[in-house]
Every structure is written in structure tokens, then in C-alpha cells.
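Data block for structure_21.cif (mmCIF, C-alpha atoms):
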```cif
data_structure
#
loop_
_atom_site.label_atom_id
_atom_site.label_comp_id
_atom_site.auth_asym_id
_atom_site.auth_seq_id
_atom_site.Cartn_x
_atom_site.Cartn_y
_atom_site.Cartn_z
CA MET A 1 14.02 42.68 -10.68
CA HIS A 2 17.11 41.27 -8.93
CA SER A 3 15.22 41.00 -5.64
CA LYS A 4 12.51 38.87 -7.29
CA VAL A 5 15.14 36.55 -8.74
CA TYR A 6 16.82 36.19 -5.34
CA VAL A 7 13.48 35.41 -3.69
CA LEU A 8 12.71 32.78 -6.34
CA LEU A 9 16.14 31.20 -5.93
CA ALA A 10 15.72 31.16 -2.15
CA ILE A 11 12.37 29.39 -2.47
CA ILE A 12 13.91 26.78 -4.79
CA VAL A 13 16.86 26.17 -2.45
CA ILE A 14 14.58 25.83 0.59
CA GLY A 15 12.32 23.46 -1.32
CA LEU A 16 15.24 21.27 -2.34
CA ALA A 17 16.54 21.22 1.23
CA ILE A 18 13.15 20.12 2.57
CA TRP A 19 12.87 17.43 -0.10
CA ALA A 20 16.33 16.09 0.71
CA ALA A 21 15.64 16.03 4.43
CA THR A 22 12.34 14.18 4.11
CA SER A 23 13.65 11.78 1.47
CA LEU A 24 16.37 10.50 3.77
CA THR A 25 14.49 10.50 7.05
CA ILE A 26 13.55 7.25 8.75
CA LYS A 27 10.99 7.65 11.50
CA LYS A 28 10.89 5.35 14.51
CA GLU A 29 7.25 4.56 13.82
CA GLY A 30 5.01 5.32 10.86
CA VAL A 31 6.44 6.10 7.45
CA VAL A 32 9.93 5.33 6.28
CA GLU A 33 10.30 8.13 3.76
CA LYS A 34 12.94 6.61 1.51
CA VAL A 35 15.20 3.63 1.89
CA SER A 36 17.16 1.39 -0.41
CA GLU A 37 15.75 -2.09 -0.89
CA GLU A 38 17.88 -5.16 -0.32
CA ALA A 39 16.58 -6.89 -3.43
CA SER A 40 14.13 -6.71 -6.27
CA LYS A 41 11.02 -8.79 -6.80
CA GLU A 42 12.68 -9.88 -10.04
CA THR A 43 14.85 -12.26 -8.01
CA PRO A 44 13.60 -15.89 -8.13
CA SER A 45 12.94 -16.14 -4.39
CA TYR A 46 12.31 -13.32 -1.96
CA ALA A 47 10.64 -12.30 1.30
CA MET A 48 8.66 -9.06 1.26
CA VAL A 49 7.21 -7.26 4.27
CA LEU A 50 3.62 -6.29 3.41
CA VAL A 51 2.48 -4.87 6.76
CA ASP A 52 4.45 -3.39 9.64
CA ASN A 53 4.34 -0.53 12.15
CA ARG A 54 6.78 1.31 9.88
CA ALA A 55 6.36 1.69 6.14
CA LYS A 56 8.04 3.07 3.05
CA VAL A 57 6.54 6.12 1.42
CA GLY A 58 3.47 5.15 -0.59
CA LEU A 59 2.60 2.30 1.77
CA LYS A 60 0.35 2.27 4.83
CA SER A 61 1.70 1.47 8.28
CA ALA A 62 -0.32 -0.44 10.87
CA TRP A 63 0.20 -2.09 14.23
CA GLY A 64 0.63 -5.61 12.94
CA LEU A 65 2.69 -7.84 10.70
CA SER A 66 2.46 -9.61 7.37
CA ILE A 67 5.24 -11.06 5.24
CA VAL A 68 4.99 -12.87 1.91
CA ILE A 69 7.63 -15.45 1.06
CA LYS A 70 7.89 -16.31 -2.63
CA LEU A 71 9.94 -19.38 -3.49
CA LYS A 72 10.51 -21.26 -6.72
CA ASN A 73 7.41 -23.45 -6.38
CA THR A 74 5.59 -22.03 -3.36
CA THR A 75 4.27 -18.68 -2.18
CA VAL A 76 3.42 -18.37 1.51
CA LEU A 77 1.68 -15.62 3.46
CA PHE A 78 3.00 -15.38 7.01
CA ASP A 79 0.47 -13.48 9.12
CA ALA A 80 -1.88 -10.94 7.55
CA GLY A 81 -1.81 -7.77 9.62
CA PRO A 82 -4.88 -6.26 11.31
CA ASN A 83 -6.82 -4.92 8.35
CA PRO A 84 -7.67 -6.39 4.93
CA ALA A 85 -7.77 -2.94 3.31
CA ILE A 86 -4.19 -2.18 4.38
CA LEU A 87 -2.95 -5.59 3.24
CA LYS A 88 -4.59 -5.09 -0.16
CA TRP A 89 -3.30 -1.52 -0.50
CA ASN A 90 0.30 -2.42 0.29
CA ALA A 91 0.28 -5.58 -1.83
CA LYS A 92 -1.03 -3.63 -4.82
CA ALA A 93 1.47 -0.80 -4.27
CA LEU A 94 4.29 -3.35 -4.19
CA GLY A 95 3.03 -5.10 -7.32
CA PHE A 96 2.12 -8.33 -5.55
CA ASN A 97 -1.08 -10.21 -6.34
CA LEU A 98 -2.56 -11.91 -3.28
CA SER A 99 -4.07 -14.58 -5.54
CA GLU A 100 -0.53 -15.96 -5.99
CA ILE A 101 -0.53 -17.20 -2.38
CA ASP A 102 -0.64 -21.00 -2.05
CA PHE A 103 -1.33 -21.09 1.69
CA ALA A 104 -1.03 -18.96 4.80
CA VAL A 105 0.67 -19.56 8.13
CA VAL A 106 -0.62 -17.65 11.16
CA SER A 107 1.73 -17.27 14.10
CA HIS A 108 -0.93 -16.75 16.76
CA GLU A 109 -4.47 -15.61 17.40
CA HIS A 110 -4.12 -11.87 18.01
CA TRP A 111 -6.11 -9.73 15.60
CA ASP A 112 -3.12 -7.70 14.42
CA HIS A 113 -1.94 -10.92 12.77
CA ILE A 114 -5.18 -12.47 11.50
CA GLY A 115 -7.51 -9.54 10.71
CA GLY A 116 -6.14 -9.09 7.21
CA LEU A 117 -6.92 -12.69 6.21
CA LYS A 118 -10.24 -11.49 4.82
CA ALA A 119 -8.27 -9.99 1.90
CA LEU A 120 -6.88 -13.45 1.16
CA ALA A 121 -10.34 -15.01 1.39
CA GLU A 122 -11.65 -12.58 -1.23
CA VAL A 123 -9.20 -13.79 -3.88
CA LYS A 124 -8.53 -17.36 -2.66
CA PRO A 125 -11.69 -18.68 -0.96
CA GLY A 126 -11.00 -21.95 0.81
CA CYS A 127 -7.27 -21.26 1.01
CA VAL A 128 -5.50 -23.27 3.73
CA VAL A 129 -4.42 -21.38 6.83
CA TYR A 130 -2.09 -23.23 9.21
CA VAL A 131 -2.68 -22.24 12.84
CA PRO A 132 -1.30 -23.41 16.19
CA SER A 133 -3.48 -26.20 17.58
CA GLY A 134 -3.59 -24.27 20.84
CA MET A 135 -5.29 -21.29 19.18
CA SER A 136 -8.61 -20.42 20.82
CA TRP A 137 -11.79 -21.70 19.20
CA GLY A 138 -13.01 -18.12 18.84
CA ALA A 139 -10.02 -17.16 16.68
CA LYS A 140 -10.25 -20.33 14.59
CA ASN A 141 -13.94 -19.67 14.06
CA GLU A 142 -13.24 -16.12 12.88
CA ILE A 143 -10.90 -17.49 10.21
CA LEU A 144 -13.46 -20.13 9.20
CA LYS A 145 -16.17 -17.46 8.91
CA MET A 146 -13.97 -15.61 6.43
CA GLY A 147 -14.27 -18.62 4.13
CA LEU A 148 -10.81 -20.06 4.70
CA LYS A 149 -9.77 -23.59 5.68
CA VAL A 150 -8.12 -23.99 9.09
CA VAL A 151 -5.44 -26.65 9.54
CA GLU A 152 -4.10 -27.10 13.07
CA VAL A 153 -0.41 -27.72 13.75
CA ASP A 154 0.92 -29.04 17.06
CA LYS A 155 4.53 -29.83 16.22
CA THR A 156 7.23 -28.88 13.74
CA LEU A 157 6.00 -29.79 10.28
CA LYS A 158 7.24 -29.63 6.68
CA VAL A 159 4.49 -27.97 4.64
CA ALA A 160 6.30 -27.51 1.29
CA ASP A 161 9.75 -27.93 -0.22
CA ASN A 162 12.16 -26.06 2.08
CA VAL A 163 9.27 -24.64 4.14
CA PHE A 164 8.66 -25.68 7.75
CA ILE A 165 6.32 -24.61 10.52
CA ILE A 166 8.14 -24.53 13.85
CA GLY A 167 5.73 -26.14 16.28
CA GLN A 168 3.92 -24.10 18.87
CA LEU A 169 5.35 -22.75 22.09
CA TYR A 170 3.26 -21.23 24.86
CA GLY A 171 3.53 -17.51 25.61
CA PRO A 172 0.67 -17.05 26.28
CA PRO A 173 -0.87 -17.43 23.76
CA TYR A 174 0.24 -20.48 21.81
CA GLU A 175 2.44 -19.36 18.95
CA GLN A 176 4.28 -20.94 16.03
CA ALA A 177 6.95 -19.70 13.63
CA LEU A 178 7.89 -20.29 10.00
CA ALA A 179 11.28 -21.47 8.74
CA VAL A 180 12.61 -21.47 5.18
CA LYS A 181 15.69 -23.51 4.28
CA VAL A 182 18.35 -21.45 2.53
CA ASP A 183 21.73 -22.86 1.50
CA ASP A 184 22.91 -24.71 4.61
CA GLY A 185 20.76 -22.79 7.10
CA LEU A 186 17.37 -21.27 7.86
CA TRP A 187 15.53 -17.99 7.70
CA LEU A 188 13.16 -17.82 10.65
CA PHE A 189 9.97 -15.73 10.53
CA VAL A 190 8.29 -14.89 13.84
CA GLY A 191 5.03 -13.09 14.55
CA CYS A 192 5.17 -11.62 18.07
CA SER A 193 7.49 -14.05 19.87
CA HIS A 194 5.38 -14.13 23.02
CA PRO A 195 7.24 -17.30 24.10
CA GLY A 196 10.60 -15.57 23.41
CA VAL A 197 12.28 -15.06 20.05
CA ASP A 198 15.43 -16.80 21.32
CA ASN A 199 13.31 -19.80 22.30
CA PHE A 200 11.96 -20.03 18.75
CA VAL A 201 15.50 -19.88 17.38
CA ALA A 202 16.56 -22.68 19.75
CA LYS A 203 13.55 -24.82 18.79
CA ALA A 204 14.18 -24.34 15.07
CA VAL A 205 17.82 -25.37 15.50
CA GLU A 206 16.87 -28.38 17.63
CA ASP A 207 14.05 -29.62 15.40
CA LEU A 208 15.62 -29.05 11.97
CA LYS A 209 19.31 -29.46 12.87
CA LEU A 210 20.22 -26.34 10.91
CA LYS A 211 21.57 -22.96 11.94
CA VAL A 212 19.23 -19.97 11.84
CA LYS A 213 21.01 -17.39 9.67
CA LEU A 214 18.31 -14.71 9.77
CA VAL A 215 15.50 -14.06 12.21
CA ILE A 216 12.87 -11.52 11.15
CA GLY A 217 9.56 -10.41 12.66
CA GLY A 218 8.05 -9.22 15.90
CA PHE A 219 10.16 -9.85 19.00
CA HIS A 220 7.76 -8.60 21.71
CA LEU A 221 10.48 -6.48 23.33
CA ALA A 222 8.90 -3.02 23.25
CA GLY A 223 9.28 -1.41 26.67
CA GLU A 224 11.79 -3.96 27.95
CA SER A 225 15.05 -2.91 29.62
CA LYS A 226 18.29 -2.75 27.68
CA SER A 227 19.83 -5.46 29.88
CA PHE A 228 16.94 -7.84 29.19
CA VAL A 229 17.04 -7.16 25.45
CA LYS A 230 20.82 -7.62 25.40
CA GLU A 231 20.41 -11.05 27.00
CA ILE A 232 17.95 -12.06 24.26
CA VAL A 233 20.31 -10.82 21.53
CA ASP A 234 23.27 -12.62 23.11
CA ASN A 235 21.24 -15.83 23.22
CA MET A 236 20.44 -15.55 19.50
CA VAL A 237 24.05 -14.78 18.61
CA SER A 238 25.28 -17.74 20.65
CA LEU A 239 22.88 -19.96 18.69
CA GLY A 240 24.53 -18.84 15.45
CA VAL A 241 22.15 -16.16 14.19
CA GLU A 242 23.91 -13.91 11.67
CA LYS A 243 21.26 -11.27 10.91
CA ILE A 244 18.47 -9.84 13.08
CA CYS A 245 15.60 -7.85 11.57
CA PRO A 246 13.19 -6.45 14.20
CA LEU A 247 9.65 -5.61 13.08
CA HIS A 248 6.27 -4.82 14.61
CA CYS A 249 6.35 -5.13 18.43
CA SER A 250 10.14 -5.35 18.73
CA GLY A 251 10.53 -1.80 20.02
CA SER A 252 13.24 0.82 19.74
CA VAL A 253 15.50 -0.61 22.46
CA ILE A 254 16.59 -3.58 20.36
CA ARG A 255 17.03 -1.43 17.25
CA ASN A 256 19.25 1.02 19.11
CA LEU A 257 21.18 -1.79 20.80
CA LEU A 258 21.83 -3.54 17.51
CA VAL A 259 22.99 -0.33 15.86
CA GLU A 260 25.29 0.57 18.74
CA GLU A 261 26.71 -2.81 19.79
CA TYR A 262 25.81 -5.44 17.17
CA ASN A 263 25.85 -3.41 13.98
CA SER A 264 26.97 -6.24 11.72
CA TYR A 265 23.92 -8.26 12.83
CA TYR A 266 21.35 -5.50 12.29
CA LEU A 267 18.93 -5.36 9.39
CA ASP A 268 16.40 -2.51 9.41
CA GLY A 269 12.84 -3.66 8.77
CA TYR A 270 9.68 -1.94 7.51
CA ALA A 271 6.74 -2.55 5.18
CA GLY A 272 8.17 -2.60 1.67
CA LEU A 273 11.45 -4.31 2.56
CA ILE A 274 12.33 -7.00 0.01
CA LEU A 275 15.02 -9.55 0.80
CA SER A 276 16.47 -11.89 -1.80
CA ILE A 277 16.45 -15.47 -0.54
CA PRO A 278 19.70 -17.36 -1.30
CA SER A 279 19.56 -20.39 -3.59
CA GLN A 280 17.93 -23.40 -2.00
#
```
Turn this file's structure into C-alpha cells for me.
Amino acid sequence: MHSKVYVLLAIIVIGLAIWAATSLTIKKEGVVEKVSEEASKETPSYAMVLVDNRAKVGLKSAWGLSIVIKLKNTTVLFDAGPNPAILKWNAKALGFNLSEIDFAVVSHEHWDHIGGLKALAEVKPGCVVYVPSGMSWGAKNEILKMGLKVVEVDKTLKVADNVFIIGQLYGPPYEQALAVKVDDGLWLFVGCSHPGVDNFVAKAVEDLKLKVKLVIGGFHLAGESKSFVKEIVDNMVSLGVEKICPLHCSGSVIRNLLVEEYNSYYLDGYAGLILSIPSQ
């Protein structure tokens, strides 16, 4: 009798240990098992990562990027990830209705950023999608065939209250970024940063005459050397950046570097992250 009780207790203890270990584990790629969110969707304005290489439990990860930015009077989709099914799944799991989107901004033409637009077209046919004017005709045509309206942008442009597209830079390919005015600064959203994430920060500062407080998105630094990545980070810090949130193609080198040497600047990113946007 006692032996059966001991066996049962052992099983319970082992089970609890496994649960605790998995609940607190953050994988480098794939699923983020459990993390605390920075904010709730109940806040008036927020940015929420819908698609990323890493994802909270209950969400699907994918090689790509999509972020929704909800402001007082405007809701913007920045990039759409590679797959409409994944975008829809994650949006539903996070309690976000894609029909709330007023317009989309696409950073560049690669499929891991535009493939998911079909999900937007299903609920908002004819929705405006702002693209770099240098985007290839083939990519523009793919977006048009989805039933969306393509609007080309060739220079920094205000598209809504406190919302700006940072005009295209050449990588290749041509790429643009999105900036949201917060307090006395900017939050900068980047897709893959083929032209250099620090170059986008510099352009945003130059064009809008405001400091970039947060930069979030894909930095295109996977596989780069630590010395190269450190130079990029130093450039951003010298430009006044206060928080850096690597997503998608940023790679592990910059995450490790930020944790080890720039910890106060580091913000961990993944699908499911919700950030409260300061009053505008």
C-alpha cells in the first residue's frame, strides 16, 4: 500500500517538475512556452506581434513578420507574414479581428512579409496597402491579384495622425519602415532591414526630427559576426535609441549581445508580445 502511494507521489512530483520547466522555457526559435506580456490589449494604444519566428504557446511560429499597431483612431497592419492561415490563427488566438485594420504597410517584397495579405483581403477587400515604389512589378501584381489596392510610396510620408512611412532605402531590395509618434519621440517598425536597421533609424531621425525611442522588427543580422552586430547596436545607441526588440531575421548574436552588454536596451520579442504605446 505504502509503495503505491510513494509511486503516485513520485509521478505527481515529476509531472509538476516537467510542467514548471516547460512553462518557463524560452526557445531560441519556435515556441516561447510562457512569458509575461508587457501590456494588455485593454490599453488604448498598443503594438502586437502577430507573426514571428518565435511564438508564445498557443500561437504558430513562422519565418516571417507581422505586427498590428492599434492607435486611438487608426489600426495599421505592418507586414503580414508568409501565410494567411498562420496570420488568421494567431490573430484569432490573440483576440484580434483583422477586419479592424484600416490599411497595411508592407516593408518590402519578400514573400515572408506579403504572403499573409490574403487573410486581410478576405475580410477587407480593396484595403489599401502601402508599398515601396521600388517594389518589383511581380510583387505588386501579387498583392493586386489578392484584391487589395496598392499605393506606392517613394519618400517619407504621413499616412495618419502620428503614423509615418519612412521612405524607401535600397538593400537590395527597396525597403521602407513605419514610424509611430509617441510622446516626444518615435517607435520605429522595420521588416528585414536589408538596407541596415541603423540606416533606417538615422533616416527616421533626419526626416521627422524626432528621436527613435524603440526599434522593433527584423534586423537582418542572422549569421553576422559579433563585432559587426556590435557596431550596428552602437550606431543605434548613439542615435538615441532606448529600447531594441529584435524579431524575425535578427538572429541570436544580437539577442545574446544585448543581454550580455546592453541589457537595459533589450526587449525580447516573439509572436504574442503586446506593447502599450505611450500617450500621443
Exercise: A:His220 partners within 10 Å, only C-alpha atoms, chain neighbours under 2 positions left out, as JSON, numbers by chain: {"A": [191, 192, 193, 194, 195, 196, 197, 217, 218, 222, 223, 224, 246, 247, 248, 249, 250, 251]}
Those same residues - C-alpha atoms - I'd like them written as a PDB file, keeping the file's coordinate frame.
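Result file is selection-v9.pdb:
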```
ATOM      1  CA  GLY A 191       5.030 -13.090  14.550  1.00  0.00           C
ATOM      2  CA  CYS A 192       5.170 -11.620  18.070  1.00  0.00           C
ATOM      3  CA  SER A 193       7.490 -14.050  19.870  1.00  0.00           C
ATOM      4  CA  HIS A 194       5.380 -14.130  23.020  1.00  0.00           C
ATOM      5  CA  PRO A 195       7.240 -17.300  24.100  1.00  0.00           C
ATOM      6  CA  GLY A 196      10.600 -15.570  23.410  1.00  0.00           C
ATOM      7  CA  VAL A 197      12.280 -15.060  20.050  1.00  0.00           C
ATOM      8  CA  GLY A 217       9.560 -10.410  12.660  1.00  0.00           C
ATOM      9  CA  GLY A 218       8.050  -9.220  15.900  1.00  0.00           C
ATOM     10  CA  ALA A 222       8.900  -3.020  23.250  1.00  0.00           C
ATOM     11  CA  GLY A 223       9.280  -1.410  26.670  1.00  0.00           C
ATOM     12  CA  GLU A 224      11.790  -3.960  27.950  1.00  0.00           C
ATOM     13  CA  PRO A 246      13.190  -6.450  14.200  1.00  0.00           C
ATOM     14  CA  LEU A 247       9.650  -5.610  13.080  1.00  0.00           C
ATOM     15  CA  HIS A 248       6.270  -4.820  14.610  1.00  0.00           C
ATOM     16  CA  CYS A 249       6.350  -5.130  18.430  1.00  0.00           C
ATOM     17  CA  SER A 250      10.140  -5.350  18.730  1.00  0.00           C
ATOM     18  CA  GLY A 251      10.530  -1.800  20.020  1.00  0.00           C
TER      19      GLY A 251
END
```
Given the file shown, enumerate the residues that the PyMOL selection byres ((chain A and resi 93-99) around 8) captures and present them as a PDB file with C-alpha atoms, keeping the file's coordinate frame.
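Result written to result22.pdb:
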```pdb
ATOM      1  CA  GLY A  58       3.470   5.150  -0.590  1.00  0.00           C
ATOM      2  CA  LEU A  59       2.600   2.300   1.770  1.00  0.00           C
ATOM      3  CA  LYS A  88      -4.590  -5.090  -0.160  1.00  0.00           C
ATOM      4  CA  TRP A  89      -3.300  -1.520  -0.500  1.00  0.00           C
ATOM      5  CA  ASN A  90       0.300  -2.420   0.290  1.00  0.00           C
ATOM      6  CA  ALA A  91       0.280  -5.580  -1.830  1.00  0.00           C
ATOM      7  CA  LYS A  92      -1.030  -3.630  -4.820  1.00  0.00           C
ATOM      8  CA  GLU A 100      -0.530 -15.960  -5.990  1.00  0.00           C
ATOM      9  CA  ILE A 101      -0.530 -17.200  -2.380  1.00  0.00           C
ATOM     10  CA  ALA A 119      -8.270  -9.990   1.900  1.00  0.00           C
ATOM     11  CA  LEU A 120      -6.880 -13.450   1.160  1.00  0.00           C
ATOM     12  CA  VAL A 123      -9.200 -13.790  -3.880  1.00  0.00           C
ATOM     13  CA  LYS A 124      -8.530 -17.360  -2.660  1.00  0.00           C
ATOM     14  CA  GLY A 272       8.170  -2.600   1.670  1.00  0.00           C
TER      15      GLY A 272
END
```
Residues near stretch 76-78 of chain A, cut-off 8 Å, all atoms listed in the file, skip fewer than 2 positions along chain, as a PDB file with C-alpha atoms, keeping the file's coordinate frame:
```pdb
ATOM      1  CA  SER A  66       2.460  -9.610   7.370  1.00  0.00           C
ATOM      2  CA  ILE A  67       5.240 -11.060   5.240  1.00  0.00           C
ATOM      3  CA  VAL A  68       4.990 -12.870   1.910  1.00  0.00           C
ATOM      4  CA  ILE A  69       7.630 -15.450   1.060  1.00  0.00           C
ATOM      5  CA  LYS A  70       7.890 -16.310  -2.630  1.00  0.00           C
ATOM      6  CA  THR A  74       5.590 -22.030  -3.360  1.00  0.00           C
ATOM      7  CA  ALA A  80      -1.880 -10.940   7.550  1.00  0.00           C
ATOM      8  CA  ILE A 101      -0.530 -17.200  -2.380  1.00  0.00           C
ATOM      9  CA  ASP A 102      -0.640 -21.000  -2.050  1.00  0.00           C
ATOM     10  CA  PHE A 103      -1.330 -21.090   1.690  1.00  0.00           C
ATOM     11  CA  ALA A 104      -1.030 -18.960   4.800  1.00  0.00           C
ATOM     12  CA  VAL A 105       0.670 -19.560   8.130  1.00  0.00           C
ATOM     13  CA  VAL A 106      -0.620 -17.650  11.160  1.00  0.00           C
ATOM     14  CA  SER A 107       1.730 -17.270  14.100  1.00  0.00           C
ATOM     15  CA  LEU A 178       7.890 -20.290  10.000  1.00  0.00           C
ATOM     16  CA  PHE A 189       9.970 -15.730  10.530  1.00  0.00           C
TER      17      PHE A 189
END
```
Answer key for the PyMOL selection byres ((chain A and resi 240) around 10), residues as a PyMOL selection string: chain A and resi 185+201-202+205+210-214+234-239+241-243
Given the PyMOL selection byres ((chain A and resi 164) around 10), the residues it picks as a ChimeraX atom specification: /A:156-163,165-167,177-181,186,188,204,208
Produce a file of the selected residues containing C-alpha atoms, as a compact mmCIF listing (two decimals), in the frame of the given file.
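The file below, out02.txt, is the result:
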```txt
# COMPACT_ATOMS: atom_id res chain seq x y z
CA THR A 156 7.23 -28.88 13.74
CA LEU A 157 6.00 -29.79 10.28
CA LYS A 158 7.24 -29.63 6.68
CA VAL A 159 4.49 -27.97 4.64
CA ALA A 160 6.30 -27.51 1.29
CA ASP A 161 9.75 -27.93 -0.22
CA ASN A 162 12.16 -26.06 2.08
CA VAL A 163 9.27 -24.64 4.14
CA ILE A 165 6.32 -24.61 10.52
CA ILE A 166 8.14 -24.53 13.85
CA GLY A 167 5.73 -26.14 16.28
CA ALA A 177 6.95 -19.70 13.63
CA LEU A 178 7.89 -20.29 10.00
CA ALA A 179 11.28 -21.47 8.74
CA VAL A 180 12.61 -21.47 5.18
CA LYS A 181 15.69 -23.51 4.28
CA LEU A 186 17.37 -21.27 7.86
CA LEU A 188 13.16 -17.82 10.65
CA ALA A 204 14.18 -24.34 15.07
CA LEU A 208 15.62 -29.05 11.97
```
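Candidate residues A:Val215, A:Lys118, A:Ile277, A:His108 were compared for distance to A:Gly171, and the nearest is A:His108, using only C-alpha atoms.
Across the structure, atom CA of A:Ala139 and atom CA of A:Glu122 are spaced 18.6 Å apart.
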Selected residue of minimal separation from A:Asp183 among A:Ser279, A:Ala121, A:Tyr46, A:Ser61, counting all atoms listed in the file: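 When distances to A:Asp183 are compared using all atoms listed in the file, the smallest one comes from A:Ser279.
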Straight-line distance linking atom CA of A:Glu260 with atom CA of A:Cys245, stated in Å to one decimal: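 Going from atom CA of A:Glu260 over to atom CA of A:Cys245, I get 14.7 Å.
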Between atom CA of A:Asn263 and atom CA of A:Ser45, distance in Å (one decimal): 25.8 Å
Radius query 12 Å about (5.4, -34.3, 22.1), atoms used: only C-alpha atoms, as a VMD selection string: chain A and resid 154 to 156 167 to 169 207
Residues near A:Glu142, cut-off 10 Å, all atoms listed in the file, skip fewer than 3 positions along chain, as JSON, numbers by chain: {"A": [109, 111, 114, 115, 117, 118, 137, 138, 139, 145, 146, 147, 148]}
